>>> print(open('work_14.json').read())   # JSON, C-alpha atoms and all ligand atoms
[["chain", "number", "residue", "atom", "x", "y", "z"],
["A", 1, "MET", "CA", -34.57, -53.02, -78.61],
["A", 2, "ILE", "CA", -31.57, -51.04, -77.32],
["A", 3, "GLU", "CA", -28.59, -52.70, -75.74],
["A", 4, "ALA", "CA", -25.53, -50.78, -74.52],
["A", 5, "GLU", "CA", -22.48, -52.69, -73.34],
["A", 6, "GLY", "CA", -19.43, -50.86, -72.03],
["A", 7, "LEU", "CA", -20.45, -47.89, -74.17],
["A", 8, "TYR", "CA", -18.05, -44.94, -74.33],
["A", 9, "TYR", "CA", -18.08, -41.75, -76.34],
["A", 10, "CYS", "CA", -15.87, -38.66, -76.58],
["A", 11, "TYR", "CA", -16.09, -35.83, -79.09],
["A", 12, "GLU", "CA", -12.39, -35.10, -79.36],
["A", 13, "LYS", "CA", -9.54, -37.49, -79.85],
["A", 14, "ASN", "CA", -8.12, -38.27, -76.39],
["A", 15, "GLY", "CA", -10.74, -35.95, -74.89],
["A", 16, "ASP", "CA", -12.78, -36.71, -71.79],
["A", 17, "TYR", "CA", -15.45, -39.34, -72.10],
["A", 18, "VAL", "CA", -18.87, -37.73, -72.25],
["A", 19, "LEU", "CA", -20.43, -41.22, -72.03],
["A", 20, "ASN", "CA", -18.51, -43.52, -69.74],
["A", 21, "ASP", "CA", -19.04, -47.29, -69.54],
["A", 22, "LEU", "CA", -22.81, -47.35, -70.03],
["A", 23, "ASN", "CA", -24.53, -50.70, -69.62],
["A", 24, "PHE", "CA", -28.28, -51.02, -70.00],
["A", 25, "LYS", "CA", -31.00, -52.70, -71.98],
["A", 26, "ILE", "CA", -34.34, -51.29, -73.09],
["A", 27, "ASP", "CA", -36.98, -53.77, -74.18],
["A", 28, "ARG", "CA", -39.68, -53.42, -76.78],
["A", 29, "GLY", "CA", -42.69, -51.53, -75.42],
["A", 30, "GLU", "CA", -40.90, -49.77, -72.55],
["A", 31, "PHE", "CA", -41.34, -46.12, -71.58],
["A", 32, "VAL", "CA", -38.05, -44.75, -70.22],
["A", 33, "PHE", "CA", -37.05, -41.34, -68.94],
["A", 34, "ILE", "CA", -33.41, -40.36, -69.39],
["A", 35, "ILE", "CA", -32.59, -37.68, -66.86],
["A", 36, "GLY", "CA", -29.49, -35.86, -65.65],
["A", 37, "ALA", "CA", -28.10, -32.35, -65.45],
["A", 38, "SER", "CA", -27.30, -30.37, -68.56],
["A", 39, "GLY", "CA", -24.15, -31.87, -70.10],
["A", 40, "ALA", "CA", -24.75, -35.31, -68.56],
["A", 41, "GLY", "CA", -24.80, -36.95, -72.00],
["A", 42, "LYS", "CA", -28.50, -37.39, -72.82],
["A", 43, "SER", "CA", -28.36, -35.85, -76.30],
["A", 44, "THR", "CA", -25.12, -37.66, -77.06],
["A", 45, "LEU", "CA", -26.84, -40.94, -76.26],
["A", 46, "PHE", "CA", -29.67, -40.06, -78.66],
["A", 47, "LYS", "CA", -27.17, -39.14, -81.38],
["A", 48, "LEU", "CA", -25.60, -42.56, -80.96],
["A", 49, "ILE", "CA", -28.99, -44.28, -81.16],
["A", 50, "ILE", "CA", -29.80, -42.65, -84.52],
["A", 51, "ARG", "CA", -26.21, -43.25, -85.58],
["A", 52, "GLU", "CA", -25.33, -39.65, -86.13],
["A", 53, "ILE", "CA", -22.14, -40.60, -84.27],
["A", 54, "VAL", "CA", -20.57, -44.00, -83.50],
["A", 55, "PRO", "CA", -19.24, -45.35, -80.16],
["A", 56, "VAL", "CA", -15.51, -45.00, -79.55],
["A", 57, "LYS", "CA", -15.58, -48.14, -77.39],
["A", 58, "GLY", "CA", -18.11, -50.80, -76.45],
["A", 59, "THR", "CA", -21.23, -51.75, -78.36],
["A", 60, "LEU", "CA", -24.62, -50.23, -78.97],
["A", 61, "LYS", "CA", -27.26, -52.42, -80.53],
["A", 62, "VAL", "CA", -30.54, -50.98, -81.79],
["A", 63, "PHE", "CA", -33.23, -53.33, -83.11],
["A", 64, "GLY", "CA", -30.61, -56.07, -82.79],
["A", 65, "HIS", "CA", -28.09, -54.34, -85.08],
["A", 66, "ASP", "CA", -24.63, -53.38, -83.87],
["A", 67, "LEU", "CA", -24.51, -49.73, -84.95],
["A", 68, "ALA", "CA", -20.72, -49.58, -85.22],
["A", 69, "ARG", "CA", -20.89, -52.29, -87.88],
["A", 70, "MET", "CA", -23.94, -50.99, -89.69],
["A", 71, "PRO", "CA", -23.18, -50.10, -93.30],
["A", 72, "ARG", "CA", -24.05, -46.55, -94.27],
["A", 73, "TYR", "CA", -26.81, -47.59, -96.66],
["A", 74, "ARG", "CA", -28.73, -49.19, -93.75],
["A", 75, "VAL", "CA", -28.82, -46.00, -91.68],
["A", 76, "PRO", "CA", -31.95, -44.53, -93.38],
["A", 77, "TYR", "CA", -33.82, -47.77, -92.58],
["A", 78, "LEU", "CA", -32.76, -47.49, -88.94],
["A", 79, "ARG", "CA", -33.93, -43.86, -88.78],
["A", 80, "ARG", "CA", -37.23, -44.67, -90.46],
["A", 81, "ASN", "CA", -38.01, -46.84, -87.47],
["A", 82, "ILE", "CA", -37.28, -44.07, -84.97],
["A", 83, "GLY", "CA", -39.62, -41.10, -84.58],
["A", 84, "MET", "CA", -37.86, -37.97, -83.30],
["A", 85, "VAL", "CA", -39.32, -35.19, -81.18],
["A", 86, "PHE", "CA", -37.34, -32.03, -80.40],
["A", 87, "GLN", "CA", -37.50, -29.30, -77.77],
["A", 88, "ASP", "CA", -37.70, -26.62, -80.48],
["A", 89, "PHE", "CA", -40.28, -28.60, -82.53],
["A", 90, "ARG", "CA", -38.33, -28.24, -85.84],
["A", 91, "LEU", "CA", -41.41, -27.70, -87.97],
["A", 92, "LEU", "CA", -41.71, -25.75, -91.22],
["A", 93, "GLU", "CA", -43.38, -22.67, -89.77],
["A", 94, "ASP", "CA", -44.85, -21.25, -92.97],
["A", 95, "ARG", "CA", -46.47, -24.56, -93.95],
["A", 96, "THR", "CA", -49.64, -26.17, -92.68],
["A", 97, "ALA", "CA", -49.87, -28.85, -90.02],
["A", 98, "PHE", "CA", -50.94, -31.27, -92.79],
["A", 99, "ASP", "CA", -47.88, -30.48, -94.95],
["A", 100, "ASN", "CA", -45.46, -30.89, -92.06],
["A", 101, "ILE", "CA", -46.77, -34.35, -91.27],
["A", 102, "ALA", "CA", -47.26, -35.33, -94.91],
["A", 103, "PHE", "CA", -43.61, -34.55, -95.80],
["A", 104, "ALA", "CA", -42.43, -37.20, -93.36],
["A", 105, "MET", "CA", -44.62, -39.72, -95.18],
["A", 106, "GLN", "CA", -43.68, -38.57, -98.67],
["A", 107, "VAL", "CA", -40.00, -39.26, -98.09],
["A", 108, "THR", "CA", -40.85, -42.91, -97.47],
["A", 109, "GLY", "CA", -42.61, -43.09, -100.85],
["A", 110, "ALA", "CA", -46.18, -43.22, -99.51],
["A", 111, "SER", "CA", -48.94, -42.54, -102.04],
["A", 112, "SER", "CA", -50.97, -39.35, -101.78],
["A", 113, "ARG", "CA", -54.00, -41.49, -101.11],
["A", 114, "GLU", "CA", -52.34, -43.14, -98.09],
["A", 115, "ILE", "CA", -51.19, -39.71, -96.91],
["A", 116, "ARG", "CA", -54.70, -38.25, -97.18],
["A", 117, "ARG", "CA", -56.00, -41.14, -95.12],
["A", 118, "ARG", "CA", -53.33, -41.30, -92.42],
["A", 119, "VAL", "CA", -52.58, -37.64, -91.65],
["A", 120, "PRO", "CA", -56.12, -36.89, -90.33],
["A", 121, "TYR", "CA", -55.89, -40.05, -88.25],
["A", 122, "VAL", "CA", -52.68, -39.00, -86.49],
["A", 123, "LEU", "CA", -54.00, -35.45, -86.05],
["A", 124, "GLU", "CA", -56.88, -37.06, -84.21],
["A", 125, "LEU", "CA", -54.43, -39.07, -82.05],
["A", 126, "VAL", "CA", -52.72, -35.87, -80.91],
["A", 127, "GLY", "CA", -56.01, -34.08, -80.28],
["A", 128, "LEU", "CA", -55.89, -31.64, -83.20],
["A", 129, "PRO", "CA", -58.45, -33.00, -85.67],
["A", 130, "ASP", "CA", -59.40, -29.50, -86.86],
["A", 131, "LYS", "CA", -55.94, -28.08, -87.44],
["A", 132, "ALA", "CA", -54.87, -29.79, -90.67],
["A", 133, "ASN", "CA", -55.00, -26.57, -92.66],
["A", 134, "ALA", "CA", -53.65, -24.27, -89.97],
["A", 135, "LYS", "CA", -50.24, -22.74, -90.58],
["A", 136, "VAL", "CA", -47.73, -23.85, -87.94],
["A", 137, "CYS", "CA", -46.79, -20.23, -87.12],
["A", 138, "ASP", "CA", -50.41, -19.56, -86.15],
["A", 139, "LEU", "CA", -50.46, -22.42, -83.62],
["A", 140, "SER", "CA", -49.51, -22.24, -79.93],
["A", 141, "GLY", "CA", -46.36, -23.92, -78.63],
["A", 142, "GLY", "CA", -48.37, -26.80, -77.19],
["A", 143, "GLU", "CA", -50.15, -27.28, -80.52],
["A", 144, "GLN", "CA", -46.86, -27.13, -82.43],
["A", 145, "GLN", "CA", -45.41, -29.85, -80.26],
["A", 146, "ARG", "CA", -48.49, -31.99, -80.90],
["A", 147, "ILE", "CA", -47.77, -31.59, -84.61],
["A", 148, "GLY", "CA", -44.22, -32.70, -83.78],
["A", 149, "LEU", "CA", -45.65, -35.80, -82.11],
["A", 150, "ALA", "CA", -47.95, -36.49, -85.06],
["A", 151, "ARG", "CA", -44.97, -36.26, -87.43],
["A", 152, "ALA", "CA", -42.94, -38.59, -85.20],
["A", 153, "ILE", "CA", -45.62, -41.30, -85.22],
["A", 154, "ILE", "CA", -46.78, -40.96, -88.83],
["A", 155, "ASN", "CA", -44.62, -43.76, -90.24],
["A", 156, "ARG", "CA", -45.45, -46.17, -87.39],
["A", 157, "PRO", "CA", -41.93, -46.24, -85.92],
["A", 158, "ALA", "CA", -41.02, -48.97, -83.45],
["A", 159, "MET", "CA", -39.52, -46.31, -81.18],
["A", 160, "ILE", "CA", -39.87, -42.62, -80.42],
["A", 161, "ILE", "CA", -37.06, -40.59, -78.91],
["A", 162, "ALA", "CA", -37.97, -37.22, -77.52],
["A", 163, "ASP", "CA", -35.23, -34.78, -76.47],
["A", 164, "GLU", "CA", -36.66, -32.34, -73.89],
["A", 165, "PRO", "CA", -40.07, -32.38, -75.59],
["A", 166, "THR", "CA", -41.64, -30.15, -72.92],
["A", 167, "GLY", "CA", -38.66, -27.82, -72.46],
["A", 168, "ASN", "CA", -40.49, -24.88, -74.04],
["A", 169, "LEU", "CA", -43.96, -25.59, -72.67],
["A", 170, "ASP", "CA", -46.00, -24.63, -69.61],
["A", 171, "PRO", "CA", -47.03, -27.34, -67.08],
["A", 172, "GLU", "CA", -50.46, -27.93, -68.60],
["A", 173, "ASN", "CA", -49.15, -28.42, -72.13],
["A", 174, "SER", "CA", -46.24, -30.49, -70.79],
["A", 175, "TYR", "CA", -48.71, -32.82, -69.17],
["A", 176, "GLU", "CA", -50.69, -33.14, -72.42],
["A", 177, "ILE", "CA", -47.55, -33.91, -74.42],
["A", 178, "MET", "CA", -46.44, -36.58, -71.93],
["A", 179, "ASN", "CA", -49.93, -38.06, -72.02],
["A", 180, "ILE", "CA", -49.83, -38.35, -75.81],
["A", 181, "LEU", "CA", -46.41, -40.01, -75.59],
["A", 182, "ARG", "CA", -47.88, -42.37, -73.04],
["A", 183, "SER", "CA", -50.79, -43.16, -75.38],
["A", 184, "PHE", "CA", -48.32, -43.99, -78.19],
["A", 185, "ASN", "CA", -46.53, -46.26, -75.73],
["A", 186, "ILE", "CA", -49.75, -48.01, -74.72],
["A", 187, "ARG", "CA", -50.32, -48.77, -78.41],
["A", 188, "GLY", "CA", -46.93, -50.52, -78.51],
["A", 189, "THR", "CA", -44.33, -47.90, -79.42],
["A", 190, "THR", "CA", -41.18, -47.88, -77.29],
["A", 191, "VAL", "CA", -40.68, -44.34, -75.92],
["A", 192, "LEU", "CA", -37.49, -42.68, -74.63],
["A", 193, "VAL", "CA", -37.77, -39.18, -73.18],
["A", 194, "ALA", "CA", -34.81, -37.05, -72.13],
["A", 195, "THR", "CA", -36.11, -34.43, -69.74],
["A", 196, "HIS", "CA", -35.44, -31.98, -66.96],
["A", 197, "ASN", "CA", -39.10, -32.06, -66.02],
["A", 198, "HIS", "CA", -38.79, -33.85, -62.69],
["A", 199, "GLU", "CA", -42.41, -33.22, -61.77],
["A", 200, "MET", "CA", -43.48, -35.24, -64.78],
["A", 201, "VAL", "CA", -40.96, -37.99, -64.03],
["A", 202, "LYS", "CA", -42.32, -38.35, -60.52],
["A", 203, "LEU", "CA", -45.90, -38.28, -61.73],
["A", 204, "LEU", "CA", -45.60, -40.90, -64.45],
["A", 205, "LYS", "CA", -43.69, -43.52, -62.41],
["A", 206, "LYS", "CA", -41.88, -45.01, -65.40],
["A", 207, "ARG", "CA", -38.40, -46.43, -65.61],
["A", 208, "VAL", "CA", -35.74, -43.76, -65.07],
["A", 209, "ILE", "CA", -32.15, -43.86, -66.25],
["A", 210, "LEU", "CA", -30.10, -41.18, -64.48],
["A", 211, "LEU", "CA", -26.89, -40.00, -66.14],
["A", 212, "ASP", "CA", -24.27, -38.13, -64.15],
["A", 213, "LYS", "CA", -21.32, -36.76, -66.11],
["A", 214, "GLY", "CA", -21.69, -39.53, -68.66],
["A", 215, "ARG", "CA", -22.03, -42.35, -66.16],
["A", 216, "LEU", "CA", -25.11, -44.37, -65.40],
["A", 217, "ALA", "CA", -25.86, -43.21, -61.85],
["A", 218, "ALA", "CA", -29.22, -44.97, -61.40],
["A", 219, "ASP", "CA", -31.62, -47.18, -63.31],
["A", 220, "GLU", "CA", -34.92, -47.44, -61.48],
["A", 221, "ALA", "CA", -37.82, -49.49, -62.74],
["A", 222, "LYS", "CA", -40.68, -47.50, -61.19],
["A", 223, "GLY", "CA", -39.62, -43.88, -61.18],
["A", 224, "VAL", "CA", -37.44, -42.26, -58.56],
["A", 225, "SER", "CA", -38.07, -40.92, -55.11],
["A", 226, "ALA", "CA", -38.02, -37.17, -54.61],
["A", 227, "GLY", "CA", -34.70, -37.44, -52.79],
["A", 228, "ALA", "CA", -32.93, -38.89, -55.80],
["A", 229, "LEU", "CA", -33.71, -35.89, -58.00],
["B", 1, "LIG", "P1", -27.14, -33.31, -72.26],
["B", 1, "LIG", "O1", -27.99, -33.64, -73.46],
["B", 1, "LIG", "O2", -27.36, -34.23, -71.10],
["B", 1, "LIG", "O3", -27.25, -31.87, -71.86],
["B", 1, "LIG", "P2", -24.91, -33.61, -74.09],
["B", 1, "LIG", "O4", -24.95, -34.99, -74.61],
["B", 1, "LIG", "O5", -25.43, -32.51, -74.97],
["B", 1, "LIG", "O6", -25.61, -33.54, -72.66],
["B", 1, "LIG", "O7", -23.41, -33.23, -73.72],
["B", 1, "LIG", "C1", -22.54, -34.08, -73.01],
["B", 1, "LIG", "C2", -21.14, -33.48, -73.00],
["B", 1, "LIG", "O8", -20.63, -33.48, -74.33],
["B", 1, "LIG", "C3", -21.09, -32.03, -72.53],
["B", 1, "LIG", "O9", -19.91, -31.87, -71.78],
["B", 1, "LIG", "C4", -21.01, -31.25, -73.82],
["B", 1, "LIG", "O10", -20.32, -30.03, -73.63],
["B", 1, "LIG", "C5", -20.23, -32.19, -74.74],
["B", 1, "LIG", "N1", -20.61, -32.01, -76.16],
["B", 1, "LIG", "C6", -21.84, -32.13, -76.68],
["B", 1, "LIG", "N2", -21.84, -31.96, -78.02],
["B", 1, "LIG", "C7", -20.54, -31.72, -78.36],
["B", 1, "LIG", "C8", -19.87, -31.47, -79.59],
["B", 1, "LIG", "N3", -20.54, -31.43, -80.76],
["B", 1, "LIG", "N4", -18.54, -31.28, -79.55],
["B", 1, "LIG", "C9", -17.86, -31.32, -78.38],
["B", 1, "LIG", "N5", -18.41, -31.55, -77.19],
["B", 1, "LIG", "C10", -19.75, -31.76, -77.16]]
>>> encode(input="work_14.json", output="structure tokens")
Amino acid sequence: MIEAEGLYYCYEKNGDYVLNDLNFKIDRGEFVFIIGASGAGKSTLFKLIIREIVPVKGTLKVFGHDLARMPRYRVPYLRRNIGMVFQDFRLLEDRTAFDNIAFAMQVTGASSREIRRRVPYVLELVGLPDKANAKVCDLSGGEQQRIGLARAIINRPAMIIADEPTGNLDPENSYEIMNILRSFNIRGTTVLVATHNHEMVKLLKKRVILLDKGRLAADEAKGVSAGAL
């Protein structure tokens, strides 16, 4: 699903590599934590995966496509298959939960009938069946992030990438959000989570990719021991 081979990236010409010789493979259906200190390169890796930026060296394949060779017109199709979740939620605050999720479906050309059917279903998946008509600004942070998760899954993406999804949440809500991501994963969606939340990483015992100043410092199949964090 994702294959990095000798992957390098730097933001400035002749600047330091912020991703340095990354080699890894993520298969369909995996749940993977990407961890590492601030500045380690986690967000840069996500930007490469959605082809906001392109590798300066090496290859990155997503869904079997070499992203450096992908023509521009294919990029929206790539992104349609990737649900994004952000630390700051990125919702339209003065609109309802329903509208926020529905917009993501409308841009794919879904009919209003399909939208009316699917939005309540995903609200149910994230545990907010009664909040369709609530304005986002009236919801708690935990609820807003659940709307973010509902929006990410609405178009049945093959993969979800979540960049610090619990960064603004308390432990209880963080746990709920991780649990919902885990439920998406159990239903077959590949999930990548960049996080500083080491408690959650230890608890969930999923594969962990540790970045250290742009290098792959560890890749552990069943979580990491306390000493490694
Ligand atoms: P993380 O998500 O792990 O905190 P980032 O991928 O955001 O790390 O950053 C990796 C490195 O790239 C850092 O040294 C950061 O300062 C640098 N960086 C990130 N974005 C830019 C940018 N737009 N221009 C220049 N340097 C950047």
>>> closest_atom_pairs(input="work_14.json", of="region 62-114 of chain A", to="region 123-144 of chain A", cutoff="8 Å", atoms="all atoms listed in the file", output="Markdown table")
| residue | atom | partner | partner_atom | distance |
| --- | --- | --- | --- | --- |
| A:Phe89 | CA | A:Gln144 | CA | 6.7 |
| A:Leu91 | CA | A:Val136 | CA | 7.4 |
| A:Leu92 | CA | A:Val136 | CA | 7.1 |
| A:Glu93 | CA | A:Val136 | CA | 4.9 |
| A:Asp94 | CA | A:Lys135 | CA | 6.1 |
| A:Arg95 | CA | A:Lys135 | CA | 5.4 |
| A:Thr96 | CA | A:Lys135 | CA | 4.1 |
| A:Ala97 | CA | A:Ala132 | CA | 5.1 |
| A:Phe98 | CA | A:Ala132 | CA | 4.7 |
>>> write_last_selection(input="work_14.json", atoms="C-alpha atoms", output="PDB file, keeping the file's coordinate frame")
ATOM      1  CA  PHE A  89     -40.280 -28.600 -82.530  1.00  0.00           C
ATOM      2  CA  LEU A  91     -41.410 -27.700 -87.970  1.00  0.00           C
ATOM      3  CA  LEU A  92     -41.710 -25.750 -91.220  1.00  0.00           C
ATOM      4  CA  GLU A  93     -43.380 -22.670 -89.770  1.00  0.00           C
ATOM      5  CA  ASP A  94     -44.850 -21.250 -92.970  1.00  0.00           C
ATOM      6  CA  ARG A  95     -46.470 -24.560 -93.950  1.00  0.00           C
ATOM      7  CA  THR A  96     -49.640 -26.170 -92.680  1.00  0.00           C
ATOM      8  CA  ALA A  97     -49.870 -28.850 -90.020  1.00  0.00           C
ATOM      9  CA  PHE A  98     -50.940 -31.270 -92.790  1.00  0.00           C
TER      10      PHE A  98
END
>>> residues_around(input="work_14.json", residues="region 68-72 of chain A", least_positions_apart="6", cutoff="8 Å", atoms="all atoms listed in the file", output="PyMOL selection string")
chain A and resi 54-55+59-60
>>> residues_near_ligand(input="work_14.json", ligand="ligand LIG 1 (chain B)", cutoff="8 Å", atoms="all atoms listed in the file", output="ChimeraX atom specification")
/A:10-12,18-19,35-45,163,194,211,213-214
>>> atom_distance(input="work_14.json", atom1="CA of Ile115 (chain A)", atom2="CA of Glu176 (chain A)")
25.4 Å
>>> residues_around(input="work_14.json", residues="Leu7 (chain A)", least_positions_apart="3", cutoff="6 Å", atoms="all atoms listed in the file", output="list in words")
Ala4, Asp21, Leu22, Lys57, Gly58 and Thr59 of chain A
>>> residues_near_point(input="work_14.json", point="(-30.2, -44.5, -66.2)", cutoff="9 Å", atoms="only C-alpha atoms", output="PDB file with C-alpha atoms, in the coordinates of the input")
ATOM      1  CA  LEU A  22     -22.810 -47.350 -70.030  1.00  0.00           C
ATOM      2  CA  PHE A  24     -28.280 -51.020 -70.000  1.00  0.00           C
ATOM      3  CA  VAL A  32     -38.050 -44.750 -70.220  1.00  0.00           C
ATOM      4  CA  PHE A  33     -37.050 -41.340 -68.940  1.00  0.00           C
ATOM      5  CA  ILE A  34     -33.410 -40.360 -69.390  1.00  0.00           C
ATOM      6  CA  ILE A  35     -32.590 -37.680 -66.860  1.00  0.00           C
ATOM      7  CA  GLY A  36     -29.490 -35.860 -65.650  1.00  0.00           C
ATOM      8  CA  ARG A 207     -38.400 -46.430 -65.610  1.00  0.00           C
ATOM      9  CA  VAL A 208     -35.740 -43.760 -65.070  1.00  0.00           C
ATOM     10  CA  ILE A 209     -32.150 -43.860 -66.250  1.00  0.00           C
ATOM     11  CA  LEU A 210     -30.100 -41.180 -64.480  1.00  0.00           C
ATOM     12  CA  LEU A 211     -26.890 -40.000 -66.140  1.00  0.00           C
ATOM     13  CA  ASP A 212     -24.270 -38.130 -64.150  1.00  0.00           C
ATOM     14  CA  ARG A 215     -22.030 -42.350 -66.160  1.00  0.00           C
ATOM     15  CA  LEU A 216     -25.110 -44.370 -65.400  1.00  0.00           C
ATOM     16  CA  ALA A 217     -25.860 -43.210 -61.850  1.00  0.00           C
ATOM     17  CA  ALA A 218     -29.220 -44.970 -61.400  1.00  0.00           C
ATOM     18  CA  ASP A 219     -31.620 -47.180 -63.310  1.00  0.00           C
ATOM     19  CA  GLU A 220     -34.920 -47.440 -61.480  1.00  0.00           C
TER      20      GLU A 220
END
>>> residues_around(input="work_14.json", residues="Val107 (chain A)", least_positions_apart="6", cutoff="12 Å", atoms="all atoms listed in the file", output="ChimeraX atom specification")
/A:76-77,80,100-101,115,154-155
>>> closest_residue(input="work_14.json", among="A:Tyr175, A:Phe31, A:Phe103, A:Phe184", to="Leu203 (chain A)", atoms="all atoms listed in the file")
A:Tyr175
>>> atom_distance(input="work_14.json", atom1="CA of Lys205 (chain A)", atom2="CA of Ile153 (chain A)")
23.0 Å
>>> atom_distance(input="work_14.json", atom1="CA of Tyr8 (chain A)", atom2="CA of Asn20 (chain A)")
4.8 Å
